Amino acid sequence: MPVKSFRPLTPSTRYITIASYDDITKTRPEKGLVRIKKKSGGRNAYGRVTARGIGGGHKQKVRQVDFKRNKHGMEATVAAIEYDPMRSSRLALLQYTDGEKRYILCPNGLQVGAKVMSGEKALPELGNALPLKSIPVGIHIHNLELSPGRGGQIVRAAGGAATLMSRDEGYAQIRLPSGEIRRINEVCYATIGQVSNVDHSNVVLGKAGRSRHRGIRPVNRGVTRNPVDHPNGGGAGKSKSGGGRQHLTSPWGLLAKGFRTRNRRKHSNRFILVRRDGRPMKLK
């Protein structure tokens, strides 16, 4: 799906690009599959700001997406392709033969009127959900489960696709979009294809107002503040902001760059074969 640019008649339209939305076939969500999202403004139950830079934004309704695909053996027809303001990918509205409707993540290339199915007996075709043991090696997949029956948790963003590399001893080796190679139980389900809206990464907001529509408020850099407000604040005139003389940190002193936050003794480390940077995982 291409993105649209504009003639620079105003300063903001010089850089702004938007999605074309040509693939959208239905503009109103299904009433029975949405719920109201209550905005917090970044505040917890005590009214204290615990997440900075959050506030405002347009009203949004949460689409209840079926990540489990647990209506096995029942065929469904794609009734519509819809926009979801809460996520980067498109949604496909499925109409099952028993009359039930469900949302799923729309794979790239899925069209209205197509037939999809889930279960072990489903064919490895676009939009079908199968266990990893039934999927041919080398095919693109998304919406992967990490635990059997829990529902898809990874590879759900726009344009994302993992690759099934091999199977051995009850586990499948999956190359994730980040480059990480991970072992996942071959009983876990995944959906065939690449996530839709592949040009999402090419969209440029172009002006501050589009961030505000998304509920993102401006946050000052630490180096522009006073020493009383931030560890990186202060200095005569412009101080070194690239981390030359000082290590860039959060307001509470936690390193912002080059600091590994993953627990070395995390339980799931044993399933990672190759890390995102291409180095093999060392188990301790």
# chains A, B, ... in the order shown; residues from 1 in each chain; ligands from 1
>>> residues_around(residues="Ile139 of chain A", least_positions_apart="6", cutoff="10 Å", atoms="only C-alpha atoms", output="PDB file with C-alpha atoms, in the first residue's frame")
ATOM      1  CA  PRO A 124      -0.943 -23.672   4.540  1.00  0.00           C
ATOM      2  CA  ALA A 161       6.987 -11.624   9.041  1.00  0.00           C
ATOM      3  CA  ALA A 162       8.917 -14.450  10.668  1.00  0.00           C
ATOM      4  CA  THR A 163      10.397 -17.440   8.816  1.00  0.00           C
ATOM      5  CA  LEU A 164      10.071 -21.077   9.816  1.00  0.00           C
ATOM      6  CA  MET A 165      13.616 -22.416   9.397  1.00  0.00           C
ATOM      7  CA  ILE A 192       0.432 -17.824   7.224  1.00  0.00           C
ATOM      8  CA  GLY A 193       1.641 -14.652   5.496  1.00  0.00           C
ATOM      9  CA  GLN A 194       3.081 -11.222   6.229  1.00  0.00           C
TER      10      GLN A 194
END
>>> residues_around(residues="Glu145 of chain A", least_positions_apart="4", cutoff="12 Å", atoms="only C-alpha atoms", output="VMD selection string")
chain A and resid 67 to 69 129 to 132 141 149 to 156 172 174 183 to 191
>>> closest_atom_pairs(of="segment 135-247 of chain A", to="segment 18-31 of chain A", cutoff="8 Å", atoms="only C-alpha atoms", output="CSV")
residue,atom,partner,partner_atom,distance
A:Asp199,CA,A:Ala19,CA,7.9
A:His200,CA,A:Ala19,CA,7.3
A:Val203,CA,A:Ile18,CA,5.6
A:Val204,CA,A:Ile18,CA,7.0
A:Leu205,CA,A:Ile18,CA,7.7
>>> atom_distance(atom1="atom CA of Ala158 of chain A", atom2="atom CA of Ser201 of chain A")
8.3 Å
>>> residues_around(residues="segment 207-217 of chain A", least_positions_apart="4", cutoff="10 Å", atoms="only C-alpha atoms", output="MDAnalysis selection string")
chainID A and resid 11:16 39 41 52:60 85:86
>>> write_last_selection(atoms="C-alpha atoms", output="compact mmCIF listing (two decimals), in the first residue's frame")
# COMPACT_ATOMS: atom_id res chain seq x y z
CA PRO A 11 5.51 24.31 5.95
CA SER A 12 4.03 21.14 7.42
CA THR A 13 3.00 19.59 4.10
CA ARG A 14 6.60 19.83 2.87
CA TYR A 15 7.48 16.69 4.83
CA ILE A 16 4.18 15.07 5.72
CA LYS A 39 -7.44 7.39 28.78
CA GLY A 41 -3.03 10.67 30.89
CA ARG A 52 5.61 11.09 30.97
CA GLY A 53 4.56 12.58 27.64
CA ILE A 54 1.06 11.07 27.57
CA GLY A 55 -2.13 13.11 27.28
CA GLY A 56 -4.88 14.29 24.95
CA GLY A 57 -5.31 12.57 21.63
CA HIS A 58 -8.33 11.56 19.61
CA LYS A 59 -11.00 9.24 20.97
CA GLN A 60 -10.32 5.57 20.22
CA PRO A 85 -6.44 3.31 15.32
CA MET A 86 -4.79 1.27 18.09
>>> atom_distance(atom1="atom CA of Asn202 of chain A", atom2="atom CA of Val3 of chain A")
7.2 Å
>>> select_by_dssp(residues="segment 45-247 of chain A", states="strand (DSSP E or B)", output="VMD selection string")
chain A and resid 49 54 61 to 63 65 72 76 to 82 91 to 96 101 to 105 107 115 to 116 118 129 to 131 140 to 142 144 to 145 152 to 154 162 to 168 171 to 175 181 to 185 189 to 192 195 216
>>> closest_residue(among="A:Val195, A:Ser134, A:Gly42, A:Leu33", to="Ser89 of chain A", atoms="only C-alpha atoms")
A:Val195
>>> closest_residue(among="A:Val228, A:Val62, A:Ile181, A:Val198", to="Pro107 of chain A", atoms="only C-alpha atoms")
A:Val198
>>> select_by_dssp(residues="segment 24-201 of chain A", states="helix (DSSP H, G or I)", output="count of residues only")
10
>>> residues_around(residues="segment 252-263 of chain A", least_positions_apart="3", cutoff="8 Å", atoms="only C-alpha atoms", output="MDAnalysis selection string")
chainID A and resid 230:231 247:249 266
>>> write_last_selection(atoms="C-alpha atoms", output="JSON list (two decimals), in the first residue's frame")
[["chain", "number", "residue", "atom", "x", "y", "z"],
["A", 230, "HIS", "CA", 17.86, 16.16, 35.49],
["A", 231, "PRO", "CA", 21.28, 14.45, 35.84],
["A", 247, "HIS", "CA", 26.59, 9.41, 30.13],
["A", 248, "LEU", "CA", 23.05, 10.09, 28.95],
["A", 249, "THR", "CA", 20.60, 8.92, 31.59],
["A", 266, "LYS", "CA", 15.60, -14.97, 32.40]]
